[in-house]
Amino acid sequence: MDGGEELVFCALGGLGEIGMNAALYGFGPPQRRKYIMVDLGLSFAGPDLPGVDLLLPDLTFVEKIKKDLLGLVITHAHEDHIGAVADLWPNLRCRVFATRFAAGLLNAKHANDMNLSKLEVETVQIGGRIKLGPFDIEFVPVAHSIPESCALAIRTPLGTVVHSGDWKIDPTPTMGPPTDADRLTAIGDEGVLALICDSTNILRDGESPSEKEVAENLETLIGNAPGRVVVTTFASNVSRLKAVADAAAATGRSVIIGGRAMERTIGVARECGYLDGVPPFFSTERYSALDRNRTVLLATGSQGEPRAALARMSQDDYGDVRLAPGDRVIFSSRTIPGNEREVGKIINGLVAQGVEVITDRTHMVHVSGHPRRAEVAKFYGWVRPQIAVPAHGEPLHLAEHAAFATALGVPKVVKARNGDMVVLAPGDPGVIDQVPHGQLAKDGHVVVPANDASIAARTKLAFAGIISIAVCFTQRGDVSGDPDVLMSGLPSHTRDGKPMDVAVDEAIFNTLDNLGRGKRRDPDAAANAIERAVRGAVGHAWGKKPLVHVLIVEA
């Protein structure tokens, strides 16, 4: 080895929030490091970013070192691990490695995306290995809520790092192999320098229930339903989709698919052989032709997405698909924190139609794909790392995981956050640097910084509205005609009952009367004076100060 070589880890997403996962591993002297990236995902925006649906990691640092980026390695095909590829990969143009199912979903989702016309995902077998410069990467199968999820054993000249990805222990998964404890134990026997591990369910004791239990309960609930059944779940959860299909077949029902994301996932799953033996599904065009008590509709929208199939059903606005009293809707999913209001709105809309709604609060219709504390303890027992770096969690999860790893006897625990450059070897591990990081917002078809001025202005507009004013002055500084005023988002009357437009007009004319002829001939001075006067007058009359835009026109 050359002198000064280091093995480093840096997350650009996922260490401080659940979602938007993107991690870097670097090897070599600080000025000549080679890197790999693990995952490139998105997260959902909250109501504090109006008009924005998705958040992506800021890859400013990666773009600076992209000539040394050897590849992007995907652990599995969930959107919080692959969802940013379409928007951000064109700035990197690196090699991409994934298992067949993840590659299939990437290709299917972006088949017509010109940005990805040159993206060719290189497929890796589950259990396979690839060599990228100083990194020897093994794909170790783990159980999760999507096919072909893998932990990564990343071997380097300075030691092996196990990147857990998303995983759980499920001795009876309904699709794919269980978490490979024997292989992970063998890797532990070789010696593991560091474990970068999932923290999502670290606050929950015990072990997660199995997918098999969910499948059995779904069959019961579908079988005893008196009318139509709608099941909503994550579109990517192929084992759950198959469980619904098997339950429908066992109870004499046909399956209808509602939602493009689900159709896309099913197409890839069939290509990969995960739905062999499952009869073809029907489109929603057959909905009204099938008997009510002989159908199951699989629908997108479990997280309250306003344009998804279930949201439209809850508003009785989904083509020929109509629900009726006695029908049953099963939420075979967990509501992601932050989506409670949107999901609650859909549930209320369904209940108002007389539909029975079943969730995981009352029935075992969903299990998490992430490990609880007892499972995490087993994983540590298998790989026996010298260093623990909690990942995939909000600050509370990461802090609890750090304390848990310490209690398990891990010699070194590093508490890292997004942007922290962590040295893993040689010497004592710890944070040695900060790199640029943050969030990007997917605003329509455009990607902008999450703190972009346009989004901040939208927040102000939502809070206090806008007033647009156009005033025409002659060259002598006289007002030509009446000012043109347009208000949006303001109440019609002030707190004293005066029409709001009258209050605005008074503020404008009082300001004009008090403006000297010199300021009237200065467009900027005149506009600033009118803006301040109108904002102040409306603020006094309403209690809020709107955005005020003033346009000065010279006649």
# chains A, B, ... in the order shown; residues from 1 in each chain; ligands from 1

call {"tool": "select_by_dssp", "arguments": {"residues": "segment 275-514 of chain A", "states": "strand (DSSP E)", "output": "short mmCIF file (atom, residue, chain, number, x, y, z; two decimals) with C-alpha atoms, in the first residue's frame"}}
result
data_model
loop_
_atom_site.label_atom_id
_atom_site.label_comp_id
_atom_site.auth_asym_id
_atom_site.auth_seq_id
_atom_site.Cartn_x
_atom_site.Cartn_y
_atom_site.Cartn_z
CA THR A 295 -63.16 -9.03 -7.45
CA VAL A 296 -60.07 -7.66 -5.70
CA LEU A 297 -58.64 -4.35 -6.83
CA LEU A 298 -54.94 -3.69 -6.16
CA ALA A 299 -54.51 0.07 -6.00
CA ARG A 328 -63.90 -3.22 1.95
CA VAL A 329 -60.62 -1.31 1.58
CA ILE A 330 -57.49 -2.78 3.20
CA PHE A 331 -54.46 -0.58 3.81
CA GLU A 356 -65.30 -0.47 5.49
CA VAL A 357 -61.65 0.49 6.01
CA ILE A 358 -59.12 -1.90 7.57
CA ILE A 387 -16.80 0.03 14.37
CA ALA A 388 -20.53 0.83 14.20
CA VAL A 389 -21.96 3.74 12.20
CA PRO A 390 -25.76 3.94 12.62
CA ALA A 391 -27.52 4.89 9.37
CA LYS A 412 -16.00 2.07 18.51
CA VAL A 413 -19.27 3.84 17.65
CA ASP A 420 -19.64 14.11 7.73
CA MET A 421 -16.51 12.55 6.22
CA VAL A 422 -15.73 9.63 8.52
CA VAL A 423 -12.33 7.95 8.48
CA LEU A 424 -12.71 4.24 9.23
CA ALA A 425 -9.04 3.24 8.88
CA GLY A 430 -14.09 9.60 13.58
CA VAL A 431 -15.33 12.61 11.66
CA ILE A 432 -12.42 14.34 9.91
CA ASP A 433 -14.15 16.74 7.53
CA GLN A 434 -17.44 18.18 6.26
CA GLN A 439 -31.45 18.80 -0.35
CA LEU A 440 -32.64 19.48 -3.87
CA ALA A 441 -36.32 19.91 -4.68
CA LYS A 442 -38.05 18.32 -7.67
CA ASP A 443 -40.27 21.25 -8.63
CA VAL A 446 -37.10 21.20 -12.69
CA VAL A 447 -34.56 20.43 -9.94
CA VAL A 448 -33.68 23.39 -7.72
CA PRO A 449 -32.14 23.82 -4.24
CA ILE A 466 -50.12 39.01 -3.17
CA ILE A 467 -51.08 42.46 -4.43
CA SER A 468 -49.91 43.60 -7.88
CA ILE A 469 -50.08 47.33 -8.63
CA ALA A 470 -49.36 49.15 -11.89
CA VAL A 471 -49.07 52.96 -11.87
CA CYS A 472 -48.48 55.11 -14.95
CA PHE A 473 -46.58 58.43 -14.69
CA ASP A 484 -54.39 49.05 -11.81
CA VAL A 485 -54.64 46.76 -8.75
CA LEU A 486 -54.92 42.96 -8.66
CA MET A 487 -55.23 41.12 -5.33
CA SER A 488 -55.04 37.36 -4.77
#

call {"tool": "closest_atom_pairs", "arguments": {"of": "segment 142-198 of chain A", "to": "segment 78-102 of chain A", "cutoff": "10 Å", "atoms": "only C-alpha atoms", "output": "tab-separated table"}}
result
residue	atom	partner	partner_atom	distance
A:Ser145	CA	A:His78	CA	9.0
A:Ile146	CA	A:His78	CA	7.4
A:Pro147	CA	A:Phe101	CA	7.0
A:Glu148	CA	A:Thr99	CA	6.7
A:Ser149	CA	A:Thr99	CA	8.4
A:Cys150	CA	A:Thr99	CA	8.8
A:Gly165	CA	A:His81	CA	9.2
A:Asp166	CA	A:His78	CA	9.5

call {"tool": "select_by_dssp", "arguments": {"residues": "segment 364-413 of chain A", "states": "helix (DSSP H, G or I)", "output": "PyMOL selection string"}}
result
chain A and resi 373-383+395-407

call {"tool": "residues_around", "arguments": {"residues": "Ile130 of chain A", "least_positions_apart": "3", "cutoff": "10 Å", "atoms": "only C-alpha atoms", "output": "MDAnalysis selection string"}}
result
chainID A and resid 73 97 124:125 133 135:139 154

call {"tool": "residues_around", "arguments": {"residues": "segment 211-218 of chain A", "least_positions_apart": "5", "cutoff": "9 Å", "atoms": "only C-alpha atoms", "output": "JSON, numbers by chain"}}
result
{"A": [145, 170, 172, 173, 174, 175, 223, 239, 240, 242, 243, 244, 246, 247, 330, 332, 363, 364, 365, 366, 367, 368]}

call {"tool": "write_last_selection", "arguments": {"atoms": "C-alpha atoms", "output": "PDB file, in the first residue's frame"}}
result
ATOM      1  CA  SER A 145     -40.214  -5.848   1.354  1.00  0.00           C
ATOM      2  CA  ASP A 170     -37.881 -13.247   8.228  1.00  0.00           C
ATOM      3  CA  THR A 172     -40.674 -17.496   6.283  1.00  0.00           C
ATOM      4  CA  PRO A 173     -40.564 -14.853   3.547  1.00  0.00           C
ATOM      5  CA  THR A 174     -43.169 -15.340   0.843  1.00  0.00           C
ATOM      6  CA  MET A 175     -40.722 -14.347  -1.890  1.00  0.00           C
ATOM      7  CA  GLY A 223     -62.413 -14.417   1.740  1.00  0.00           C
ATOM      8  CA  SER A 239     -44.438 -10.307  -2.152  1.00  0.00           C
ATOM      9  CA  ARG A 240     -47.545  -8.446  -0.910  1.00  0.00           C
ATOM     10  CA  LYS A 242     -48.449 -11.951  -4.851  1.00  0.00           C
ATOM     11  CA  ALA A 243     -50.053 -12.598  -1.452  1.00  0.00           C
ATOM     12  CA  VAL A 244     -53.147 -10.695  -2.598  1.00  0.00           C
ATOM     13  CA  ASP A 246     -52.896 -15.929  -4.090  1.00  0.00           C
ATOM     14  CA  ALA A 247     -55.648 -14.923  -1.641  1.00  0.00           C
ATOM     15  CA  ILE A 330     -57.491  -2.781   3.198  1.00  0.00           C
ATOM     16  CA  SER A 332     -51.725  -3.222   3.664  1.00  0.00           C
ATOM     17  CA  HIS A 363     -55.468  -6.217  11.871  1.00  0.00           C
ATOM     18  CA  MET A 364     -52.143  -7.814  10.970  1.00  0.00           C
ATOM     19  CA  VAL A 365     -52.218  -6.615   7.360  1.00  0.00           C
ATOM     20  CA  HIS A 366     -48.718  -5.160   7.191  1.00  0.00           C
ATOM     21  CA  VAL A 367     -45.272  -5.852   8.572  1.00  0.00           C
ATOM     22  CA  SER A 368     -42.236  -3.639   8.262  1.00  0.00           C
TER      23      SER A 368
END

call {"tool": "residues_around", "arguments": {"residues": "Arg517 of chain A", "least_positions_apart": "5", "cutoff": "9 Å", "atoms": "only C-alpha atoms", "output": "PyMOL selection string"}}
result
chain A and resi 476-478+522

call {"tool": "residues_around", "arguments": {"residues": "segment 282-291 of chain A", "least_positions_apart": "6", "cutoff": "9 Å", "atoms": "only C-alpha atoms", "output": "PyMOL selection string"}}
result
chain A and resi 227-228+254-258+297+319-322

call {"tool": "write_last_selection", "arguments": {"atoms": "all heavy atoms", "output": "mmCIF file, in the first residue's frame"}}
result
data_model
loop_
_atom_site.group_PDB
_atom_site.id
_atom_site.type_symbol
_atom_site.label_atom_id
_atom_site.label_comp_id
_atom_site.auth_asym_id
_atom_site.auth_seq_id
_atom_site.Cartn_x
_atom_site.Cartn_y
_atom_site.Cartn_z
ATOM 1 N N GLY A 227 -68.512 -7.731 -0.220
ATOM 2 C CA GLY A 227 -68.571 -7.047 -1.506
ATOM 3 C C GLY A 227 -67.210 -6.996 -2.167
ATOM 4 O O GLY A 227 -66.398 -7.908 -2.024
ATOM 5 N N ARG A 228 -66.965 -5.920 -2.883
ATOM 6 C CA ARG A 228 -65.665 -5.748 -3.514
ATOM 7 C C ARG A 228 -64.604 -5.508 -2.449
ATOM 8 O O ARG A 228 -64.878 -4.975 -1.381
ATOM 9 C CB ARG A 228 -65.681 -4.565 -4.482
ATOM 10 C CG ARG A 228 -66.543 -4.790 -5.708
ATOM 11 C CD ARG A 228 -66.310 -3.660 -6.718
ATOM 12 N NE ARG A 228 -67.109 -3.867 -7.923
ATOM 13 C CZ ARG A 228 -68.296 -3.306 -8.155
ATOM 14 N NH1 ARG A 228 -68.812 -2.498 -7.248
ATOM 15 N NH2 ARG A 228 -68.954 -3.543 -9.274
ATOM 16 N N SER A 254 -61.153 -12.448 -8.954
ATOM 17 C CA SER A 254 -60.217 -11.972 -9.972
ATOM 18 C C SER A 254 -59.539 -10.705 -9.469
ATOM 19 O O SER A 254 -60.098 -9.967 -8.666
ATOM 20 C CB SER A 254 -60.958 -11.665 -11.285
ATOM 21 O OG SER A 254 -61.597 -12.827 -11.787
ATOM 22 N N VAL A 255 -58.337 -10.446 -9.975
ATOM 23 C CA VAL A 255 -57.560 -9.289 -9.530
ATOM 24 C C VAL A 255 -57.518 -8.239 -10.633
ATOM 25 O O VAL A 255 -57.213 -8.541 -11.789
ATOM 26 C CB VAL A 255 -56.123 -9.700 -9.153
ATOM 27 C CG1 VAL A 255 -55.314 -8.471 -8.741
ATOM 28 C CG2 VAL A 255 -56.142 -10.719 -8.023
ATOM 29 N N ILE A 256 -57.827 -7.002 -10.233
ATOM 30 C CA ILE A 256 -57.764 -5.842 -11.122
ATOM 31 C C ILE A 256 -56.655 -4.929 -10.613
ATOM 32 O O ILE A 256 -56.476 -4.768 -9.404
ATOM 33 C CB ILE A 256 -59.110 -5.088 -11.140
ATOM 34 C CG1 ILE A 256 -60.234 -6.014 -11.631
ATOM 35 C CG2 ILE A 256 -59.030 -3.834 -11.999
ATOM 36 C CD1 ILE A 256 -61.616 -5.433 -11.439
ATOM 37 N N ILE A 257 -55.920 -4.317 -11.520
ATOM 38 C CA ILE A 257 -54.818 -3.428 -11.148
ATOM 39 C C ILE A 257 -55.212 -1.983 -11.417
ATOM 40 O O ILE A 257 -55.681 -1.644 -12.506
ATOM 41 C CB ILE A 257 -53.530 -3.766 -11.941
ATOM 42 C CG1 ILE A 257 -53.119 -5.202 -11.683
ATOM 43 C CG2 ILE A 257 -52.406 -2.812 -11.562
ATOM 44 C CD1 ILE A 257 -52.808 -5.504 -10.238
ATOM 45 N N GLY A 258 -55.000 -1.128 -10.411
ATOM 46 C CA GLY A 258 -55.262 0.295 -10.563
ATOM 47 C C GLY A 258 -54.038 1.109 -10.172
ATOM 48 O O GLY A 258 -53.680 1.169 -8.999
ATOM 49 N N LEU A 297 -59.346 -5.393 -6.110
ATOM 50 C CA LEU A 297 -58.640 -4.346 -6.832
ATOM 51 C C LEU A 297 -57.374 -3.988 -6.070
ATOM 52 O O LEU A 297 -57.424 -3.606 -4.897
ATOM 53 C CB LEU A 297 -59.527 -3.106 -6.971
ATOM 54 C CG LEU A 297 -58.895 -1.864 -7.596
ATOM 55 C CD1 LEU A 297 -58.442 -2.145 -9.026
ATOM 56 C CD2 LEU A 297 -59.870 -0.692 -7.582
ATOM 57 N N GLY A 319 -62.722 7.104 -13.038
ATOM 58 C CA GLY A 319 -63.292 6.446 -14.197
ATOM 59 C C GLY A 319 -64.539 5.644 -13.839
ATOM 60 O O GLY A 319 -65.443 6.131 -13.150
ATOM 61 N N ASP A 320 -64.570 4.407 -14.325
ATOM 62 C CA ASP A 320 -65.720 3.533 -14.063
ATOM 63 C C ASP A 320 -65.651 2.843 -12.711
ATOM 64 O O ASP A 320 -66.565 2.111 -12.344
ATOM 65 C CB ASP A 320 -65.815 2.466 -15.161
ATOM 66 C CG ASP A 320 -66.140 3.066 -16.520
ATOM 67 O OD1 ASP A 320 -66.789 4.123 -16.544
ATOM 68 O OD2 ASP A 320 -65.732 2.483 -17.544
ATOM 69 N N VAL A 321 -64.558 3.058 -11.974
ATOM 70 C CA VAL A 321 -64.410 2.393 -10.680
ATOM 71 C C VAL A 321 -65.226 3.143 -9.635
ATOM 72 O O VAL A 321 -64.963 4.313 -9.340
ATOM 73 C CB VAL A 321 -62.927 2.330 -10.262
ATOM 74 C CG1 VAL A 321 -62.794 1.724 -8.874
ATOM 75 C CG2 VAL A 321 -62.126 1.531 -11.283
ATOM 76 N N ARG A 322 -66.210 2.490 -9.101
ATOM 77 C CA ARG A 322 -67.065 3.059 -8.075
ATOM 78 C C ARG A 322 -67.132 2.100 -6.896
ATOM 79 O O ARG A 322 -67.242 0.886 -7.073
ATOM 80 C CB ARG A 322 -68.491 3.302 -8.591
ATOM 81 C CG ARG A 322 -68.580 4.352 -9.700
ATOM 82 C CD ARG A 322 -68.432 5.753 -9.122
ATOM 83 N NE ARG A 322 -68.683 6.788 -10.113
ATOM 84 C CZ ARG A 322 -67.760 7.301 -10.917
ATOM 85 N NH1 ARG A 322 -66.515 6.843 -10.853
ATOM 86 N NH2 ARG A 322 -68.057 8.259 -11.771
#

call {"tool": "residues_around", "arguments": {"residues": "Ser492 of chain A", "least_positions_apart": "2", "cutoff": "12 Å", "atoms": "only C-alpha atoms", "output": "list of chain:residue names"}}
result
A:Met487, A:Ser488, A:Gly489, A:Leu490, A:Thr494, A:Arg495, A:Asp496, A:Gly497, A:Lys498, A:Pro499, A:Met500, A:Asp501, A:Val502, A:Ala503, A:Val504, A:Val538, A:Ala541, A:Trp542

call {"tool": "closest_residue", "arguments": {"among": "A:His163, A:His493, A:Lys415, A:Lys66", "to": "Val38 of chain A", "atoms": "only C-alpha atoms"}}
result
A:His163

call {"tool": "atom_distance", "arguments": {"atom1": "atom CA of Phe281 of chain A", "atom2": "atom CA of Gly349 of chain A"}}
result
26.7 Å
